[in-house]
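Here's upload.cif, which has mmCIF, C-alpha atoms:
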data_upload
loop_
_atom_site.group_PDB
_atom_site.id
_atom_site.type_symbol
_atom_site.label_atom_id
_atom_site.label_comp_id
_atom_site.auth_asym_id
_atom_site.auth_seq_id
_atom_site.Cartn_x
_atom_site.Cartn_y
_atom_site.Cartn_z
ATOM 1 C CA MET A 1 21.919 -7.478 0.224
ATOM 2 C CA LYS A 2 19.398 -6.369 2.886
ATOM 3 C CA ASP A 3 16.958 -5.338 0.149
ATOM 4 C CA LEU A 4 17.255 -8.782 -1.433
ATOM 5 C CA ILE A 5 16.575 -10.513 1.901
ATOM 6 C CA ILE A 6 13.463 -8.406 2.487
ATOM 7 C CA GLU A 7 12.224 -8.989 -1.079
ATOM 8 C CA LYS A 8 12.653 -12.771 -0.624
ATOM 9 C CA MET A 9 10.848 -12.639 2.721
ATOM 10 C CA TYR A 10 7.947 -10.893 0.977
ATOM 11 C CA GLU A 11 7.819 -13.537 -1.763
ATOM 12 C CA TRP A 12 7.838 -16.356 0.810
ATOM 13 C CA SER A 13 5.177 -14.778 2.996
ATOM 14 C CA LYS A 14 2.796 -13.470 0.307
ATOM 15 C CA LYS A 15 0.964 -16.721 -0.507
ATOM 16 C CA PRO A 16 0.336 -17.835 3.122
ATOM 17 C CA TYR A 17 -0.763 -14.282 3.967
ATOM 18 C CA GLN A 18 -3.237 -14.266 1.064
ATOM 19 C CA LYS A 19 -4.577 -17.689 1.944
ATOM 20 C CA PHE A 20 -4.811 -17.562 5.737
ATOM 21 C CA PHE A 21 -5.192 -13.910 6.684
ATOM 22 C CA LYS A 22 -7.000 -12.145 3.840
ATOM 23 C CA ARG A 23 -10.740 -12.882 3.951
ATOM 24 C CA ASN A 24 -11.844 -10.510 1.194
ATOM 25 C CA GLU A 25 -12.715 -11.624 -2.328
ATOM 26 C CA PRO A 26 -10.255 -10.852 -5.140
ATOM 27 C CA TRP A 27 -11.264 -7.951 -7.330
ATOM 28 C CA ASN A 28 -12.608 -8.853 -10.727
ATOM 29 C CA ILE A 29 -10.769 -6.144 -12.673
ATOM 30 C CA THR A 30 -7.529 -5.815 -14.609
ATOM 31 C CA PRO A 31 -5.059 -2.926 -14.939
ATOM 32 C CA LYS A 32 -6.284 -2.462 -18.509
ATOM 33 C CA ASP A 33 -9.852 -2.083 -17.202
ATOM 34 C CA LEU A 34 -8.667 0.425 -14.617
ATOM 35 C CA ILE A 35 -7.038 2.770 -17.134
ATOM 36 C CA LEU A 36 -10.388 3.037 -18.922
ATOM 37 C CA LEU A 37 -11.903 4.712 -15.865
ATOM 38 C CA PRO A 38 -12.109 8.527 -15.660
ATOM 39 C CA LYS A 39 -8.651 10.119 -15.692
ATOM 40 C CA ASP A 40 -9.073 11.729 -12.265
ATOM 41 C CA SER A 41 -10.295 8.513 -10.604
ATOM 42 C CA LEU A 42 -8.540 6.349 -8.056
ATOM 43 C CA GLY A 43 -8.976 3.388 -10.405
ATOM 44 C CA PHE A 44 -7.291 5.109 -13.340
ATOM 45 C CA HIS A 45 -4.320 6.085 -11.177
ATOM 46 C CA MET A 46 -4.100 2.567 -9.782
ATOM 47 C CA GLY A 47 -4.060 1.168 -13.322
ATOM 48 C CA CYS A 48 -1.278 3.604 -14.257
ATOM 49 C CA PHE A 49 0.681 2.592 -11.146
ATOM 50 C CA LEU A 50 0.401 -1.114 -11.991
ATOM 51 C CA LEU A 51 1.373 -0.584 -15.629
ATOM 52 C CA LYS A 52 4.235 1.795 -14.767
ATOM 53 C CA TYR A 53 5.879 -0.840 -12.572
ATOM 54 C CA ASN A 54 4.744 -3.772 -14.743
ATOM 55 C CA PHE A 55 2.862 -5.247 -11.766
ATOM 56 C CA GLU A 56 0.089 -7.802 -11.839
ATOM 57 C CA MET A 57 -2.960 -7.526 -9.616
ATOM 58 C CA GLN A 58 -2.297 -9.697 -6.560
ATOM 59 C CA PRO A 59 -5.569 -11.427 -5.611
ATOM 60 C CA LYS A 60 -6.833 -10.280 -2.202
ATOM 61 C CA LEU A 61 -3.926 -7.805 -1.912
ATOM 62 C CA GLU A 62 -5.302 -5.082 -4.175
ATOM 63 C CA ASP A 63 -5.683 -2.662 -1.257
ATOM 64 C CA HIS A 64 -1.902 -2.565 -0.905
ATOM 65 C CA ASP A 65 -1.529 -1.079 -4.392
ATOM 66 C CA VAL A 66 -4.345 1.392 -3.730
ATOM 67 C CA ILE A 67 -2.502 2.615 -0.652
ATOM 68 C CA HIS A 68 0.630 3.138 -2.746
ATOM 69 C CA VAL A 69 -1.437 5.360 -5.040
ATOM 70 C CA LEU A 70 -3.253 7.236 -2.269
ATOM 71 C CA THR A 71 -0.063 7.971 -0.321
ATOM 72 C CA ASN A 72 2.068 8.515 -3.434
ATOM 73 C CA THR A 73 4.579 5.978 -2.133
ATOM 74 C CA GLY A 74 7.084 4.295 -4.430
ATOM 75 C CA VAL A 75 8.067 0.651 -4.489
ATOM 76 C CA SER A 76 11.645 0.554 -3.216
ATOM 77 C CA VAL A 77 12.242 -1.547 -0.112
ATOM 78 C CA ILE A 78 12.674 1.591 2.017
ATOM 79 C CA GLU A 79 9.427 3.046 0.624
ATOM 80 C CA GLU A 80 7.574 -0.240 1.255
ATOM 81 C CA ILE A 81 8.753 -0.236 4.869
ATOM 82 C CA GLY A 82 7.873 3.451 5.094
ATOM 83 C CA MET A 83 4.362 2.721 3.869
ATOM 84 C CA GLN A 84 3.915 0.187 6.679
ATOM 85 C CA TYR A 85 5.020 2.865 9.144
ATOM 86 C CA TYR A 86 2.474 5.197 7.521
ATOM 87 C CA LEU A 87 -0.273 2.615 7.999
ATOM 88 C CA MET A 88 0.776 1.996 11.600
ATOM 89 C CA GLY A 89 0.534 5.748 12.209
ATOM 90 C CA ASN A 90 -2.914 5.661 10.603
ATOM 91 C CA GLY A 91 -4.048 3.045 13.135
ATOM 92 C CA LYS A 92 -3.677 -0.209 11.252
ATOM 93 C CA LYS A 93 -2.605 -3.212 13.298
ATOM 94 C CA SER A 94 -1.657 -6.551 11.799
ATOM 95 C CA ILE A 95 0.954 -9.223 12.323
ATOM 96 C CA TYR A 96 2.290 -8.595 8.826
ATOM 97 C CA LEU A 97 2.618 -4.841 9.428
ATOM 98 C CA PHE A 98 4.433 -5.321 12.742
ATOM 99 C CA MET A 99 6.739 -7.899 11.164
ATOM 100 C CA VAL A 100 7.707 -5.508 8.334
ATOM 101 C CA VAL A 101 8.189 -2.596 10.742
ATOM 102 C CA PHE A 102 10.312 -4.703 13.100
ATOM 103 C CA ILE A 103 12.511 -6.211 10.389
ATOM 104 C CA GLY A 104 12.736 -2.923 8.504
ATOM 105 C CA THR A 105 13.847 -1.116 11.644
ATOM 106 C CA LEU A 106 16.350 -3.858 12.442
ATOM 107 C CA PHE A 107 17.821 -3.826 8.918
ATOM 108 C CA TYR A 108 17.734 -0.050 8.403
ATOM 109 C CA PRO A 109 18.286 1.719 11.742
ATOM 110 C CA ASN A 110 19.898 4.574 9.814
ATOM 111 C CA ARG A 111 16.492 5.249 8.184
ATOM 112 C CA LEU A 112 14.561 5.758 11.436
ATOM 113 C CA LYS A 113 14.081 9.471 10.703
ATOM 114 C CA THR A 114 12.580 8.610 7.324
ATOM 115 C CA PHE A 115 10.327 5.957 8.838
ATOM 116 C CA TYR A 116 9.226 8.366 11.573
ATOM 117 C CA LYS A 117 8.194 10.903 8.905
ATOM 118 C CA TYR A 118 6.023 8.239 7.266
ATOM 119 C CA TYR A 119 4.544 7.390 10.678
ATOM 120 C CA LYS A 120 3.688 11.049 11.375
ATOM 121 C CA ARG A 121 2.090 11.441 7.927
ATOM 122 C CA GLY A 122 -0.092 8.428 8.743
ATOM 123 C CA GLN A 123 -1.037 9.928 12.096
ATOM 124 C CA ASN A 124 -1.995 13.219 10.457
ATOM 125 C CA ALA A 125 -4.317 11.500 7.970
ATOM 126 C CA HIS A 126 -7.827 10.473 8.968
ATOM 127 C CA PRO A 127 -8.064 6.667 9.230
ATOM 128 C CA PHE A 128 -8.600 5.315 5.729
ATOM 129 C CA TYR A 129 -6.967 1.890 5.626
ATOM 130 C CA LYS A 130 -10.305 0.059 6.124
ATOM 131 C CA LEU A 131 -12.171 1.842 3.324
ATOM 132 C CA PRO A 132 -13.905 -0.297 0.677
ATOM 133 C CA PHE A 133 -11.448 0.726 -2.043
ATOM 134 C CA GLU A 134 -12.960 -1.492 -4.733
ATOM 135 C CA LYS A 135 -16.181 0.522 -4.453
ATOM 136 C CA MET A 136 -14.223 3.781 -4.667
ATOM 137 C CA LEU A 137 -12.387 3.185 -7.940
ATOM 138 C CA TYR A 138 -14.560 5.751 -9.782
ATOM 139 C CA LYS A 139 -14.048 8.432 -7.128
ATOM 140 C CA SER A 140 -11.599 11.277 -7.666
ATOM 141 C CA LEU A 141 -8.143 10.496 -6.284
ATOM 142 C CA LYS A 142 -7.609 14.119 -5.231
ATOM 143 C CA GLU A 143 -10.993 14.215 -3.495
ATOM 144 C CA ILE A 144 -10.230 11.071 -1.465
ATOM 145 C CA GLN A 145 -6.794 12.437 -0.531
ATOM 146 C CA PHE A 146 -8.319 15.758 0.511
ATOM 147 C CA THR A 147 -11.189 14.218 2.482
ATOM 148 C CA PHE A 148 -8.856 11.931 4.474
ATOM 149 C CA ASN A 149 -5.950 14.421 4.650
ATOM 150 C CA ILE A 150 -3.670 11.933 2.913
ATOM 151 C CA LYS A 151 -0.307 13.523 2.161
#
Could you take the file, read its structure, and then write that structure out as structure tokens?
Amino acid sequence: MKDLIIEKMYEWSKKPYQKFFKRNEPWNITPKDLILLPKDSLGFHMGCFLLKYNFEMQPKLEDHDVIHVLTNTGVSVIEEIGMQYYLMGNGKKSIYLFMVVFIGTLFYPNRLKTFYKYYKRGQNAHPFYKLPFEKMLYKSLKEIQFTFNIK
């Protein structure tokens, strides 16, 4: 039931967040374009991620999917909350992030150890959340992860 509530909250908040808070331009690329990139590239792995979960590219929210790929984080509600903890540990600050962390902690206090592990992983990585990911789609996924100590 908690998972359903969080999923609905995401659906309700996604459009206003895209419209009012995201200033970047949507990427002009599809998952099918991405899987044509070199097999070791960030873009190829992002395309595989999107196709694996049957996801569409969300305009202006593409970075979110890239971060899933870079951090090797799944898409369950707990993993989504964990990824926000990871980003908070990496230095990101946003209303949306704090909202997810607060509600996630409130709904899943029994997962605090898990969330703390995500937070520490984010702290141990070099700040990467502001990188121009669209320009990095051809770069090697492993190289980016190594350079920024993303684990």
Next on the checklist: Applying 12 Å and only C-alpha atoms, which residues near Met1 in chain A remain after dropping the ones on its own chain fewer than 6 positions away? List them as a PyMOL selection string.
Outcome noted: chain A and resi 7-8+77+107-108
Checklist entry - Which neighbours of Ile150 in chain A fall inside 12 Å, counting all atoms listed in the file, when residues of the same chain fewer than 4 positions from it are skipped, and could you give them as a list in words? => result Ile67, His68, Val69, Leu70, Thr71, Asn72, Thr73, Tyr86, Leu87, Gly89, Asn90, Tyr118, Lys120, Arg121, Gly122, Gln123, Asn124, Ala125, His126, Pro127, Phe128, Tyr129, Leu141, Lys142, Glu143, Ile144, Gln145 and Phe146 of chain A
Item to check | Selection result of the PyMOL selection byres ((chain A and resi 45) around 10) on this file, as a list of chain:residue names | outcome: A:Pro31, A:Leu34, A:Ile35, A:Leu37, A:Pro38, A:Lys39, A:Asp40, A:Ser41, A:Leu42, A:Gly43, A:Phe44, A:Met46, A:Gly47, A:Cys48, A:Phe49, A:Leu50, A:Leu51, A:Val66, A:Val69, A:Leu70, A:Leu137, A:Ser140, A:Leu141
Next on the checklist: Taking only C-alpha atoms into account, name the residue in A:Leu4, A:Ile78, A:Met83, A:Ile103 that is nearest to Asp65 in chain A.
Outcome noted: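 Smallest distance to Asp65 in chain A is found for A:Met83.
Running the PyMOL selection byres ((chain A and resi 59) around 8) on this file leaves Gln18, Glu25, Pro26, Trp27, Met57, Gln58, Lys60, Leu61 and Glu62 of chain A selected.
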Checklist outcome for this item: The residue from A:Tyr53, A:Gly104, A:Thr147, A:His64 with the smallest atom-to-atom distance to Ile5 in chain A, counting only C-alpha atoms, is A:Gly104
Checklist entry - Just how far from CA of Glu11 in chain A is CA of Phe133 in chain A, in Å to one decimal? => result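 Straight-line distance from CA of Phe133 in chain A to CA of Glu11 in chain A works out to 24.0 Å.
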Next on the checklist: Between CA of Leu36 in chain A and CA of Lys135 in chain A, what is the distance in Å, rounded to a tenth?
Outcome noted: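 That distance, rounded to one decimal, is 15.8 Å.
For the choices A:Tyr116, A:Asn149, A:Phe55, A:Glu134, the atom-to-atom distance to Asn28 in chain A is smallest for A:Glu134 when using only C-alpha atoms.
Taking CA of Phe98 in chain A as the reference point, CA of Asn54 in chain A is found at 27.5 Å.
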Six-sided padding of 3 Å per side, axis-aligned box over range 102-113 of chain A, centre and edges in Å, one decimal, as AutoDock Vina command-line options:
--center_x 15.1 --center_y 1.6 --center_z 10.6 --size_x 15.6 --size_y 21.7 --size_z 10.9
Would you mind putting back N, CA and C atoms on range 111-143 of chain A, then writing it out as an mmCIF file, in the coordinates of the input?
data_model
loop_
_atom_site.group_PDB
_atom_site.id
_atom_site.type_symbol
_atom_site.label_atom_id
_atom_site.label_comp_id
_atom_site.auth_asym_id
_atom_site.auth_seq_id
_atom_site.Cartn_x
_atom_site.Cartn_y
_atom_site.Cartn_z
ATOM 1 N N ARG A 111 17.647 4.637 8.858
ATOM 2 C CA ARG A 111 16.492 5.249 8.184
ATOM 3 C C ARG A 111 15.359 5.567 9.146
ATOM 4 N N LEU A 112 15.622 5.513 10.449
ATOM 5 C CA LEU A 112 14.561 5.758 11.436
ATOM 6 C C LEU A 112 13.906 7.121 11.266
ATOM 7 N N LYS A 113 14.665 8.140 10.924
ATOM 8 C CA LYS A 113 14.081 9.471 10.703
ATOM 9 C C LYS A 113 13.085 9.433 9.550
ATOM 10 N N THR A 114 13.471 8.748 8.482
ATOM 11 C CA THR A 114 12.580 8.610 7.324
ATOM 12 C C THR A 114 11.308 7.866 7.719
ATOM 13 N N PHE A 115 11.485 6.745 8.428
ATOM 14 C CA PHE A 115 10.327 5.957 8.838
ATOM 15 C C PHE A 115 9.422 6.760 9.771
ATOM 16 N N TYR A 116 10.008 7.545 10.652
ATOM 17 C CA TYR A 116 9.226 8.366 11.573
ATOM 18 C C TYR A 116 8.395 9.397 10.799
ATOM 19 N N LYS A 117 8.949 9.950 9.737
ATOM 20 C CA LYS A 117 8.194 10.903 8.905
ATOM 21 C C LYS A 117 6.980 10.224 8.274
ATOM 22 N N TYR A 118 7.160 8.991 7.799
ATOM 23 C CA TYR A 118 6.023 8.239 7.266
ATOM 24 C C TYR A 118 4.977 8.020 8.360
ATOM 25 N N TYR A 119 5.440 7.633 9.552
ATOM 26 C CA TYR A 119 4.544 7.390 10.678
ATOM 27 C C TYR A 119 3.725 8.639 11.002
ATOM 28 N N LYS A 120 4.382 9.790 11.068
ATOM 29 C CA LYS A 120 3.688 11.049 11.375
ATOM 30 C C LYS A 120 2.682 11.406 10.290
ATOM 31 N N ARG A 121 3.042 11.184 9.019
ATOM 32 C CA ARG A 121 2.090 11.441 7.927
ATOM 33 C C ARG A 121 0.840 10.577 8.108
ATOM 34 N N GLY A 122 1.048 9.321 8.497
ATOM 35 C CA GLY A 122 -0.092 8.428 8.743
ATOM 36 C C GLY A 122 -0.942 8.903 9.901
ATOM 37 N N GLN A 123 -0.293 9.399 10.943
ATOM 38 C CA GLN A 123 -1.037 9.928 12.096
ATOM 39 C C GLN A 123 -1.854 11.151 11.710
ATOM 40 N N ASN A 124 -1.315 11.975 10.841
ATOM 41 C CA ASN A 124 -1.995 13.219 10.457
ATOM 42 C C ASN A 124 -3.165 12.981 9.499
ATOM 43 N N ALA A 125 -3.197 11.832 8.855
ATOM 44 C CA ALA A 125 -4.317 11.500 7.970
ATOM 45 C C ALA A 125 -5.460 10.924 8.803
ATOM 46 N N HIS A 126 -6.685 11.126 8.331
ATOM 47 C CA HIS A 126 -7.827 10.473 8.968
ATOM 48 C C HIS A 126 -7.753 8.988 8.614
ATOM 49 N N PRO A 127 -8.154 8.100 9.525
ATOM 50 C CA PRO A 127 -8.064 6.667 9.230
ATOM 51 C C PRO A 127 -8.774 6.312 7.921
ATOM 52 N N PHE A 128 -8.043 5.676 7.033
ATOM 53 C CA PHE A 128 -8.600 5.315 5.729
ATOM 54 C C PHE A 128 -8.280 3.884 5.318
ATOM 55 N N TYR A 129 -7.453 3.199 6.061
ATOM 56 C CA TYR A 129 -6.967 1.890 5.626
ATOM 57 C C TYR A 129 -8.061 0.826 5.528
ATOM 58 N N LYS A 130 -9.216 1.042 6.169
ATOM 59 C CA LYS A 130 -10.305 0.059 6.124
ATOM 60 C C LYS A 130 -11.379 0.397 5.078
ATOM 61 N N LEU A 131 -11.159 1.430 4.307
ATOM 62 C CA LEU A 131 -12.171 1.842 3.324
ATOM 63 C C LEU A 131 -12.404 0.752 2.274
ATOM 64 N N PRO A 132 -13.611 0.687 1.732
ATOM 65 C CA PRO A 132 -13.905 -0.297 0.677
ATOM 66 C C PRO A 132 -13.383 0.210 -0.679
ATOM 67 N N PHE A 133 -12.095 0.114 -0.884
ATOM 68 C CA PHE A 133 -11.448 0.726 -2.043
ATOM 69 C C PHE A 133 -12.018 0.266 -3.381
ATOM 70 N N GLU A 134 -12.414 -0.995 -3.464
ATOM 71 C CA GLU A 134 -12.960 -1.492 -4.733
ATOM 72 C C GLU A 134 -14.201 -0.693 -5.145
ATOM 73 N N LYS A 135 -14.972 -0.255 -4.171
ATOM 74 C CA LYS A 135 -16.181 0.522 -4.453
ATOM 75 C C LYS A 135 -15.868 1.990 -4.719
ATOM 76 N N MET A 136 -14.611 2.375 -4.528
ATOM 77 C CA MET A 136 -14.223 3.781 -4.667
ATOM 78 C C MET A 136 -13.393 4.043 -5.927
ATOM 79 N N LEU A 137 -13.265 3.056 -6.780
ATOM 80 C CA LEU A 137 -12.387 3.185 -7.940
ATOM 81 C C LEU A 137 -12.797 4.319 -8.880
ATOM 82 N N TYR A 138 -14.085 4.668 -8.908
ATOM 83 C CA TYR A 138 -14.560 5.751 -9.782
ATOM 84 C C TYR A 138 -14.419 7.129 -9.134
ATOM 85 N N LYS A 139 -14.147 7.147 -7.845
ATOM 86 C CA LYS A 139 -14.048 8.432 -7.128
ATOM 87 C C LYS A 139 -12.744 9.144 -7.477
ATOM 88 N N SER A 140 -12.771 10.452 -7.375
ATOM 89 C CA SER A 140 -11.599 11.277 -7.666
ATOM 90 C C SER A 140 -10.486 11.002 -6.652
ATOM 91 N N LEU A 141 -9.302 10.722 -7.149
ATOM 92 C CA LEU A 141 -8.143 10.496 -6.284
ATOM 93 C C LEU A 141 -7.900 11.706 -5.401
ATOM 94 N N LYS A 142 -7.884 12.894 -5.985
ATOM 95 C CA LYS A 142 -7.609 14.119 -5.231
ATOM 96 C C LYS A 142 -8.664 14.350 -4.149
ATOM 97 N N GLU A 143 -9.913 14.032 -4.467
ATOM 98 C CA GLU A 143 -10.993 14.215 -3.495
ATOM 99 C C GLU A 143 -10.821 13.280 -2.291
#
